[in-house]
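Comments concern the structure below.
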Amino acid sequence: MSRPVLLHGGPLFTADRRRPWAEAVAFDTNGILAVGTMQEVAAAAPNAERVDVAGGTVVPGLIDAHNHFLATGESLASIDVRFPRVRSIGDLIASIAEAAARTPAGSVIRAFGFDHAKYERTPTRWDLDGATSDHAVLVYHVSGHHVLVNTRMLERRGVTDDTPDPSGGELVRDEAGRLTGLCLDGAMGLVLPVAVDIGNHGPNFHTEAPLAELVDDVERAGRAFLAAGLTTVCDAQVTSRELTAYREARAAGRLPIRTVAMPLSHQLDAYASVGIAGPLGDDILRIGAMKLYADGSLIGGTAAFSEPYGAAGEFEGSLYWDDEDMRALLGRAHGHGWQVGVHVQGDRAMQIVLDAIDDAVRRSPREHRHRLEHAGFPTPEHVRRMADLGVITVNQPRYLHDSGDEFLERLGERAHRLIPLREELDAGVLVVLSSDSDVASYRPMDTISSAMLRRTRAGAFIGSDQVLTLEEALYAHTIDAARALFLEDRLGSLEPGKLADIAVFDQDLTRTPAEELAGLEARMTFLGGRLEQGSVRSGLPAG
Ligand SMILES: [Zn+2]
């Protein structure tokens, strides 16, 4: 057994609502031994190695309840075309051309994160053809809901001007009816070299890649997450491709972080046939809620609002299911014992989802903890229903920074009620913060900063009456995120008996302006009592 460690010397947030702040914590690889005053903890763990955090802050290991773990690893290894690195179509073409120059002809070039709301116009396949015709090119939209491909990729997949739009998606065409190469939501599966057929259950970004490469991606992203202070992440859209990669990474000792997988709803019947429903698994790798999609992307302009958005009402939104289909699908998942997590942005989609949950729960009541992923624009009535139904919202306030200026432009006054966290907390809804990486930054301190500030990239306020305090944001990224994963008995707070997942930041977070929280990484991250990241810079030997 390892020698216990005792952390002291800075603010210590426990995420235990009975005693949110303490002076010290002692732990070993079996779990947390004591939390409290220095005197109490020293008495409980007299032979612990004492580590003075020198004014830094100790928090429970942060939990990201909605993060595209493997996709983040892939994006870290791919061409980064996110704003502000790429600000125009010219920048986009230059990035692809540069990659083409060092990539063997005939192979696929992948880029992540384009955001054409910030360009002069929407890019087309002809723009990409200008960068290379020797490679198939696919460029993911920052939302993950759309992809832009070049002509060679369309040809490779046999998609032509005569190919009809699939349900839940659109192949965008010009006035002459020619494909522009932009494929929205459910149409992604038609043009990508997909590894898994998911039907119209969501956007398909599960492309072919060798397993060894996927394991590299998992390890790469997992290491980055630990450095940011995360100790648990939940992949919010998992097919056989992702689950195989996580299992393989674990077997090889290359899964650096606790991982929860949310299977996508196209697998519902397969899981039901063998009697599996989440949550199931252990503290390292487990199956969580089942993921369903209700509507499209807020950033990408396909979220379903009751009143279309955009300056000319051009964003009508798209639904993956009508209300009857959603009721049937969600009802079946609930009936088989699943917790569900439903992607839902606009109020039109929200109405359909809440009706479906209401119906399912009425038929067979239980502690379901159903989750609303993103929950972009619930009405005040929807917020009341969330509280009554006991559903959890899993929110990404970093969007307000990254795309808030477009939201204000497209939604006008309505933008201020996007992600209404204050209203939800006041109504008694369990509110969880997460990143949606790689749609937004995986760093929890970026997310927390945006929840406290609600300011756009250009500096405008967006719903400033909905801001959270540091303490509220920390609860939402620790213990309440653990609750959304049915893991609060072991993770999420610093309490005796729980697993010792702990992050230490250099700064006194209670005195750091919210603007300056963005970008912070952890000095040390302990997972299960082991220092997995960083170093013990100022440790005093035990007496
Ligand atoms: Zn997501």
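In the structure tokens, chains take the letters A, B, ... in the order shown, each chain's residues start at 1, and ligands count up from 1 in the order shown.
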
Legend entry - Environment of ligand 1 within 7 Å, counting only C-alpha atoms and all ligand atoms, reported as a PyMOL selection string: chain A and resi 66-68+236+436

Inset, instruction - Extract the full set of strand (DSSP E) residues from range 91-276 of chain A according to DSSP on the backbone, and format it as a PyMOL selection string. - result: chain A and resi 108-114+136-141+146-149+169-173+179-185+230-238+258-263

Inset, instruction - Find, counting only C-alpha atoms, the residue in A:Leu292, A:Asn30, A:Val391, A:Cys234 that gets nearest to Asp358 in chain A. - result: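 With only C-alpha atoms as the atom set, the closest residue is A:Val391.
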
Inset, instruction - Find the spatial neighbours of Leu148 in chain A, counting only C-alpha atoms, within a cut-off of 9 Å - ignore same-chain residues fewer than 3 positions away - and output them as an NGL selection string. - result: :A and (123-125 or 128 or 137-141 or 180-184 or 188)

List every residue of range 396-519 of chain A that DSSP, applied to the backbone, labels as helix (DSSP H, G or I), and write the result as a PDB file with N, CA and C atoms, in the first residue's frame.
```
ATOM      1  N   ARG A 398     -19.436  27.444 -22.806  1.00  0.00           N
ATOM      2  CA  ARG A 398     -18.327  27.957 -23.613  1.00  0.00           C
ATOM      3  C   ARG A 398     -18.792  28.357 -25.009  1.00  0.00           C
ATOM      4  N   TYR A 399     -19.903  27.749 -25.481  1.00  0.00           N
ATOM      5  CA  TYR A 399     -20.487  28.184 -26.759  1.00  0.00           C
ATOM      6  C   TYR A 399     -20.753  29.688 -26.761  1.00  0.00           C
ATOM      7  N   LEU A 400     -21.146  30.214 -25.577  1.00  0.00           N
ATOM      8  CA  LEU A 400     -21.531  31.632 -25.508  1.00  0.00           C
ATOM      9  C   LEU A 400     -20.335  32.518 -25.817  1.00  0.00           C
ATOM     10  N   HIS A 401     -19.155  32.020 -25.472  1.00  0.00           N
ATOM     11  CA  HIS A 401     -17.928  32.731 -25.832  1.00  0.00           C
ATOM     12  C   HIS A 401     -17.608  32.527 -27.317  1.00  0.00           C
ATOM     13  N   ASP A 402     -17.560  31.266 -27.723  1.00  0.00           N
ATOM     14  CA  ASP A 402     -17.066  30.949 -29.073  1.00  0.00           C
ATOM     15  C   ASP A 402     -18.004  31.460 -30.173  1.00  0.00           C
ATOM     16  N   GLY A 404     -21.153  33.254 -29.410  1.00  0.00           N
ATOM     17  CA  GLY A 404     -22.153  34.169 -28.857  1.00  0.00           C
ATOM     18  C   GLY A 404     -22.489  35.332 -29.771  1.00  0.00           C
ATOM     19  N   ASP A 405     -21.481  35.826 -30.491  1.00  0.00           N
ATOM     20  CA  ASP A 405     -21.752  36.959 -31.393  1.00  0.00           C
ATOM     21  C   ASP A 405     -22.708  36.557 -32.506  1.00  0.00           C
ATOM     22  N   GLU A 406     -22.536  35.329 -33.025  1.00  0.00           N
ATOM     23  CA  GLU A 406     -23.480  34.841 -34.046  1.00  0.00           C
ATOM     24  C   GLU A 406     -24.862  34.596 -33.433  1.00  0.00           C
ATOM     25  N   PHE A 407     -24.887  34.080 -32.197  1.00  0.00           N
ATOM     26  CA  PHE A 407     -26.181  33.840 -31.550  1.00  0.00           C
ATOM     27  C   PHE A 407     -26.956  35.151 -31.426  1.00  0.00           C
ATOM     28  N   LEU A 408     -26.255  36.213 -31.015  1.00  0.00           N
ATOM     29  CA  LEU A 408     -26.916  37.513 -30.843  1.00  0.00           C
ATOM     30  C   LEU A 408     -27.437  38.019 -32.178  1.00  0.00           C
ATOM     31  N   GLU A 409     -26.648  37.807 -33.221  1.00  0.00           N
ATOM     32  CA  GLU A 409     -27.030  38.251 -34.551  1.00  0.00           C
ATOM     33  C   GLU A 409     -28.230  37.452 -35.073  1.00  0.00           C
ATOM     34  N   ARG A 410     -28.201  36.146 -34.846  1.00  0.00           N
ATOM     35  CA  ARG A 410     -29.225  35.291 -35.444  1.00  0.00           C
ATOM     36  C   ARG A 410     -30.503  35.211 -34.617  1.00  0.00           C
ATOM     37  N   LEU A 411     -30.360  35.305 -33.288  1.00  0.00           N
ATOM     38  CA  LEU A 411     -31.520  35.088 -32.415  1.00  0.00           C
ATOM     39  C   LEU A 411     -32.042  36.372 -31.799  1.00  0.00           C
ATOM     40  N   GLY A 412     -31.279  37.453 -31.901  1.00  0.00           N
ATOM     41  CA  GLY A 412     -31.714  38.710 -31.304  1.00  0.00           C
ATOM     42  C   GLY A 412     -31.906  38.560 -29.803  1.00  0.00           C
ATOM     43  N   GLU A 413     -33.016  39.100 -29.290  1.00  0.00           N
ATOM     44  CA  GLU A 413     -33.304  39.085 -27.853  1.00  0.00           C
ATOM     45  C   GLU A 413     -33.306  37.665 -27.280  1.00  0.00           C
ATOM     46  N   ARG A 414     -33.745  36.713 -28.125  1.00  0.00           N
ATOM     47  CA  ARG A 414     -33.846  35.336 -27.633  1.00  0.00           C
ATOM     48  C   ARG A 414     -32.495  34.800 -27.166  1.00  0.00           C
ATOM     49  N   ALA A 415     -31.411  35.335 -27.731  1.00  0.00           N
ATOM     50  CA  ALA A 415     -30.073  34.826 -27.404  1.00  0.00           C
ATOM     51  C   ALA A 415     -29.775  34.931 -25.905  1.00  0.00           C
ATOM     52  N   HIS A 416     -30.359  35.919 -25.250  1.00  0.00           N
ATOM     53  CA  HIS A 416     -30.050  36.124 -23.832  1.00  0.00           C
ATOM     54  C   HIS A 416     -30.638  35.029 -22.945  1.00  0.00           C
ATOM     55  N   ARG A 417     -31.591  34.290 -23.486  1.00  0.00           N
ATOM     56  CA  ARG A 417     -32.139  33.163 -22.710  1.00  0.00           C
ATOM     57  C   ARG A 417     -31.568  31.819 -23.172  1.00  0.00           C
ATOM     58  N   LEU A 421     -28.981  29.063 -17.118  1.00  0.00           N
ATOM     59  CA  LEU A 421     -28.548  28.273 -15.959  1.00  0.00           C
ATOM     60  C   LEU A 421     -29.099  28.797 -14.642  1.00  0.00           C
ATOM     61  N   ARG A 422     -29.156  30.119 -14.495  1.00  0.00           N
ATOM     62  CA  ARG A 422     -29.660  30.690 -13.239  1.00  0.00           C
ATOM     63  C   ARG A 422     -31.125  30.303 -13.046  1.00  0.00           C
ATOM     64  N   GLU A 423     -31.873  30.440 -14.130  1.00  0.00           N
ATOM     65  CA  GLU A 423     -33.297  30.106 -14.074  1.00  0.00           C
ATOM     66  C   GLU A 423     -33.489  28.627 -13.711  1.00  0.00           C
ATOM     67  N   GLU A 424     -32.656  27.763 -14.276  1.00  0.00           N
ATOM     68  CA  GLU A 424     -32.786  26.329 -14.007  1.00  0.00           C
ATOM     69  C   GLU A 424     -32.423  26.007 -12.556  1.00  0.00           C
ATOM     70  N   LEU A 425     -31.335  26.602 -12.065  1.00  0.00           N
ATOM     71  CA  LEU A 425     -30.958  26.366 -10.660  1.00  0.00           C
ATOM     72  C   LEU A 425     -32.063  26.830  -9.724  1.00  0.00           C
ATOM     73  N   ASP A 426     -32.606  28.017 -10.006  1.00  0.00           N
ATOM     74  CA  ASP A 426     -33.672  28.563  -9.154  1.00  0.00           C
ATOM     75  C   ASP A 426     -34.914  27.676  -9.171  1.00  0.00           C
ATOM     76  N   ALA A 427     -35.147  27.008 -10.298  1.00  0.00           N
ATOM     77  CA  ALA A 427     -36.321  26.137 -10.407  1.00  0.00           C
ATOM     78  C   ALA A 427     -36.077  24.764  -9.775  1.00  0.00           C
ATOM     79  N   PRO A 444     -11.849  22.471 -18.374  1.00  0.00           N
ATOM     80  CA  PRO A 444     -12.973  22.830 -17.502  1.00  0.00           C
ATOM     81  C   PRO A 444     -12.914  24.279 -17.036  1.00  0.00           C
ATOM     82  N   MET A 445     -11.711  24.830 -16.907  1.00  0.00           N
ATOM     83  CA  MET A 445     -11.635  26.221 -16.451  1.00  0.00           C
ATOM     84  C   MET A 445     -12.110  27.199 -17.537  1.00  0.00           C
ATOM     85  N   ASP A 446     -12.044  26.794 -18.808  1.00  0.00           N
ATOM     86  CA  ASP A 446     -12.636  27.613 -19.876  1.00  0.00           C
ATOM     87  C   ASP A 446     -14.164  27.610 -19.735  1.00  0.00           C
ATOM     88  N   THR A 447     -14.709  26.414 -19.490  1.00  0.00           N
ATOM     89  CA  THR A 447     -16.158  26.277 -19.330  1.00  0.00           C
ATOM     90  C   THR A 447     -16.645  27.076 -18.120  1.00  0.00           C
ATOM     91  N   ILE A 448     -15.926  26.922 -17.001  1.00  0.00           N
ATOM     92  CA  ILE A 448     -16.326  27.599 -15.764  1.00  0.00           C
ATOM     93  C   ILE A 448     -16.243  29.112 -15.936  1.00  0.00           C
ATOM     94  N   SER A 449     -15.188  29.577 -16.581  1.00  0.00           N
ATOM     95  CA  SER A 449     -15.040  31.009 -16.844  1.00  0.00           C
ATOM     96  C   SER A 449     -16.250  31.541 -17.621  1.00  0.00           C
ATOM     97  N   SER A 450     -16.676  30.787 -18.642  1.00  0.00           N
ATOM     98  CA  SER A 450     -17.804  31.254 -19.458  1.00  0.00           C
ATOM     99  C   SER A 450     -19.130  31.195 -18.698  1.00  0.00           C
ATOM    100  N   ALA A 451     -19.279  30.210 -17.805  1.00  0.00           N
ATOM    101  CA  ALA A 451     -20.502  30.140 -16.998  1.00  0.00           C
ATOM    102  C   ALA A 451     -20.593  31.336 -16.049  1.00  0.00           C
ATOM    103  N   MET A 452     -19.426  31.839 -15.610  1.00  0.00           N
ATOM    104  CA  MET A 452     -19.401  32.966 -14.671  1.00  0.00           C
ATOM    105  C   MET A 452     -19.496  34.317 -15.372  1.00  0.00           C
ATOM    106  N   LEU A 453     -19.114  34.355 -16.646  1.00  0.00           N
ATOM    107  CA  LEU A 453     -19.028  35.637 -17.355  1.00  0.00           C
ATOM    108  C   LEU A 453     -20.145  35.873 -18.355  1.00  0.00           C
ATOM    109  N   SER A 464     -26.635  38.174 -19.130  1.00  0.00           N
ATOM    110  CA  SER A 464     -25.784  38.356 -17.944  1.00  0.00           C
ATOM    111  C   SER A 464     -26.547  38.103 -16.644  1.00  0.00           C
ATOM    112  N   ASP A 465     -27.889  38.000 -16.705  1.00  0.00           N
ATOM    113  CA  ASP A 465     -28.643  37.645 -15.489  1.00  0.00           C
ATOM    114  C   ASP A 465     -28.604  36.144 -15.215  1.00  0.00           C
ATOM    115  N   GLN A 466     -27.961  35.389 -16.078  1.00  0.00           N
ATOM    116  CA  GLN A 466     -27.933  33.923 -15.917  1.00  0.00           C
ATOM    117  C   GLN A 466     -26.563  33.413 -15.454  1.00  0.00           C
ATOM    118  N   LEU A 470     -18.535  31.045  -8.803  1.00  0.00           N
ATOM    119  CA  LEU A 470     -17.485  30.022  -8.904  1.00  0.00           C
ATOM    120  C   LEU A 470     -17.932  28.734  -8.221  1.00  0.00           C
ATOM    121  N   GLU A 471     -18.504  28.872  -7.038  1.00  0.00           N
ATOM    122  CA  GLU A 471     -18.904  27.689  -6.277  1.00  0.00           C
ATOM    123  C   GLU A 471     -19.972  26.894  -7.033  1.00  0.00           C
ATOM    124  N   GLU A 472     -20.959  27.589  -7.567  1.00  0.00           N
ATOM    125  CA  GLU A 472     -22.015  26.899  -8.331  1.00  0.00           C
ATOM    126  C   GLU A 472     -21.433  26.185  -9.545  1.00  0.00           C
ATOM    127  N   ALA A 473     -20.492  26.862 -10.206  1.00  0.00           N
ATOM    128  CA  ALA A 473     -19.891  26.266 -11.401  1.00  0.00           C
ATOM    129  C   ALA A 473     -19.070  25.034 -11.035  1.00  0.00           C
ATOM    130  N   LEU A 474     -18.376  25.101  -9.898  1.00  0.00           N
ATOM    131  CA  LEU A 474     -17.574  23.942  -9.476  1.00  0.00           C
ATOM    132  C   LEU A 474     -18.456  22.748  -9.112  1.00  0.00           C
ATOM    133  N   TYR A 475     -19.545  22.987  -8.401  1.00  0.00           N
ATOM    134  CA  TYR A 475     -20.484  21.880  -8.113  1.00  0.00           C
ATOM    135  C   TYR A 475     -20.940  21.231  -9.425  1.00  0.00           C
ATOM    136  N   ALA A 476     -21.255  22.087 -10.394  1.00  0.00           N
ATOM    137  CA  ALA A 476     -21.817  21.590 -11.654  1.00  0.00           C
ATOM    138  C   ALA A 476     -20.790  20.823 -12.487  1.00  0.00           C
ATOM    139  N   HIS A 477     -19.504  20.989 -12.172  1.00  0.00           N
ATOM    140  CA  HIS A 477     -18.453  20.307 -12.936  1.00  0.00           C
ATOM    141  C   HIS A 477     -17.830  19.173 -12.124  1.00  0.00           C
ATOM    142  N   ILE A 479     -19.461  17.227  -8.378  1.00  0.00           N
ATOM    143  CA  ILE A 479     -20.410  16.283  -7.780  1.00  0.00           C
ATOM    144  C   ILE A 479     -21.695  16.147  -8.603  1.00  0.00           C
ATOM    145  N   ASP A 480     -22.171  17.253  -9.173  1.00  0.00           N
ATOM    146  CA  ASP A 480     -23.426  17.150  -9.923  1.00  0.00           C
ATOM    147  C   ASP A 480     -23.209  16.461 -11.270  1.00  0.00           C
ATOM    148  N   ALA A 481     -22.003  16.604 -11.823  1.00  0.00           N
ATOM    149  CA  ALA A 481     -21.660  15.844 -13.034  1.00  0.00           C
ATOM    150  C   ALA A 481     -21.564  14.359 -12.689  1.00  0.00           C
ATOM    151  N   ALA A 482     -21.028  14.046 -11.508  1.00  0.00           N
ATOM    152  CA  ALA A 482     -20.955  12.639 -11.068  1.00  0.00           C
ATOM    153  C   ALA A 482     -22.363  12.060 -10.946  1.00  0.00           C
ATOM    154  N   ARG A 483     -23.292  12.886 -10.451  1.00  0.00           N
ATOM    155  CA  ARG A 483     -24.680  12.433 -10.294  1.00  0.00           C
ATOM    156  C   ARG A 483     -25.288  12.108 -11.666  1.00  0.00           C
ATOM    157  N   ALA A 484     -24.974  12.911 -12.654  1.00  0.00           N
ATOM    158  CA  ALA A 484     -25.488  12.659 -14.008  1.00  0.00           C
ATOM    159  C   ALA A 484     -24.959  11.342 -14.563  1.00  0.00           C
ATOM    160  N   LEU A 509      -8.265  30.118  -6.811  1.00  0.00           N
ATOM    161  CA  LEU A 509      -9.378  30.309  -7.761  1.00  0.00           C
ATOM    162  C   LEU A 509     -10.426  31.272  -7.215  1.00  0.00           C
ATOM    163  N   THR A 510     -10.536  31.336  -5.884  1.00  0.00           N
ATOM    164  CA  THR A 510     -11.558  32.211  -5.286  1.00  0.00           C
ATOM    165  C   THR A 510     -11.214  33.687  -5.487  1.00  0.00           C
ATOM    166  N   ARG A 511      -9.949  33.977  -5.796  1.00  0.00           N
ATOM    167  CA  ARG A 511      -9.536  35.380  -5.975  1.00  0.00           C
ATOM    168  C   ARG A 511      -9.124  35.680  -7.415  1.00  0.00           C
ATOM    169  N   ALA A 514     -12.806  35.946 -13.216  1.00  0.00           N
ATOM    170  CA  ALA A 514     -13.345  34.904 -14.099  1.00  0.00           C
ATOM    171  C   ALA A 514     -12.663  34.905 -15.462  1.00  0.00           C
ATOM    172  N   GLU A 515     -12.306  36.089 -15.990  1.00  0.00           N
ATOM    173  CA  GLU A 515     -11.617  36.178 -17.287  1.00  0.00           C
ATOM    174  C   GLU A 515     -10.332  35.372 -17.262  1.00  0.00           C
ATOM    175  N   GLU A 516      -9.654  35.394 -16.098  1.00  0.00           N
ATOM    176  CA  GLU A 516      -8.330  34.769 -16.024  1.00  0.00           C
ATOM    177  C   GLU A 516      -8.386  33.274 -15.713  1.00  0.00           C
ATOM    178  N   LEU A 517      -9.594  32.767 -15.451  1.00  0.00           N
ATOM    179  CA  LEU A 517      -9.713  31.313 -15.262  1.00  0.00           C
ATOM    180  C   LEU A 517      -9.521  30.588 -16.595  1.00  0.00           C
TER     181      LEU A 517
END
```

Against range 199-211 of chain A, which residues of range 221-277 of chain A fall within 8 Å? For each one I want the closest pair of atoms and the distance in Å (one decimal), counting only C-alpha atoms, rows by chain and increasing residue number, as a tab-separated table.
```
residue	atom	partner	partner_atom	distance
A:Thr239	CA	A:His206	CA	7.7
A:Arg241	CA	A:His206	CA	7.2
A:Ala245	CA	A:Leu211	CA	6.5
A:Leu264	CA	A:His201	CA	7.3
A:Ser265	CA	A:His201	CA	6.4
A:His266	CA	A:His201	CA	5.9
```
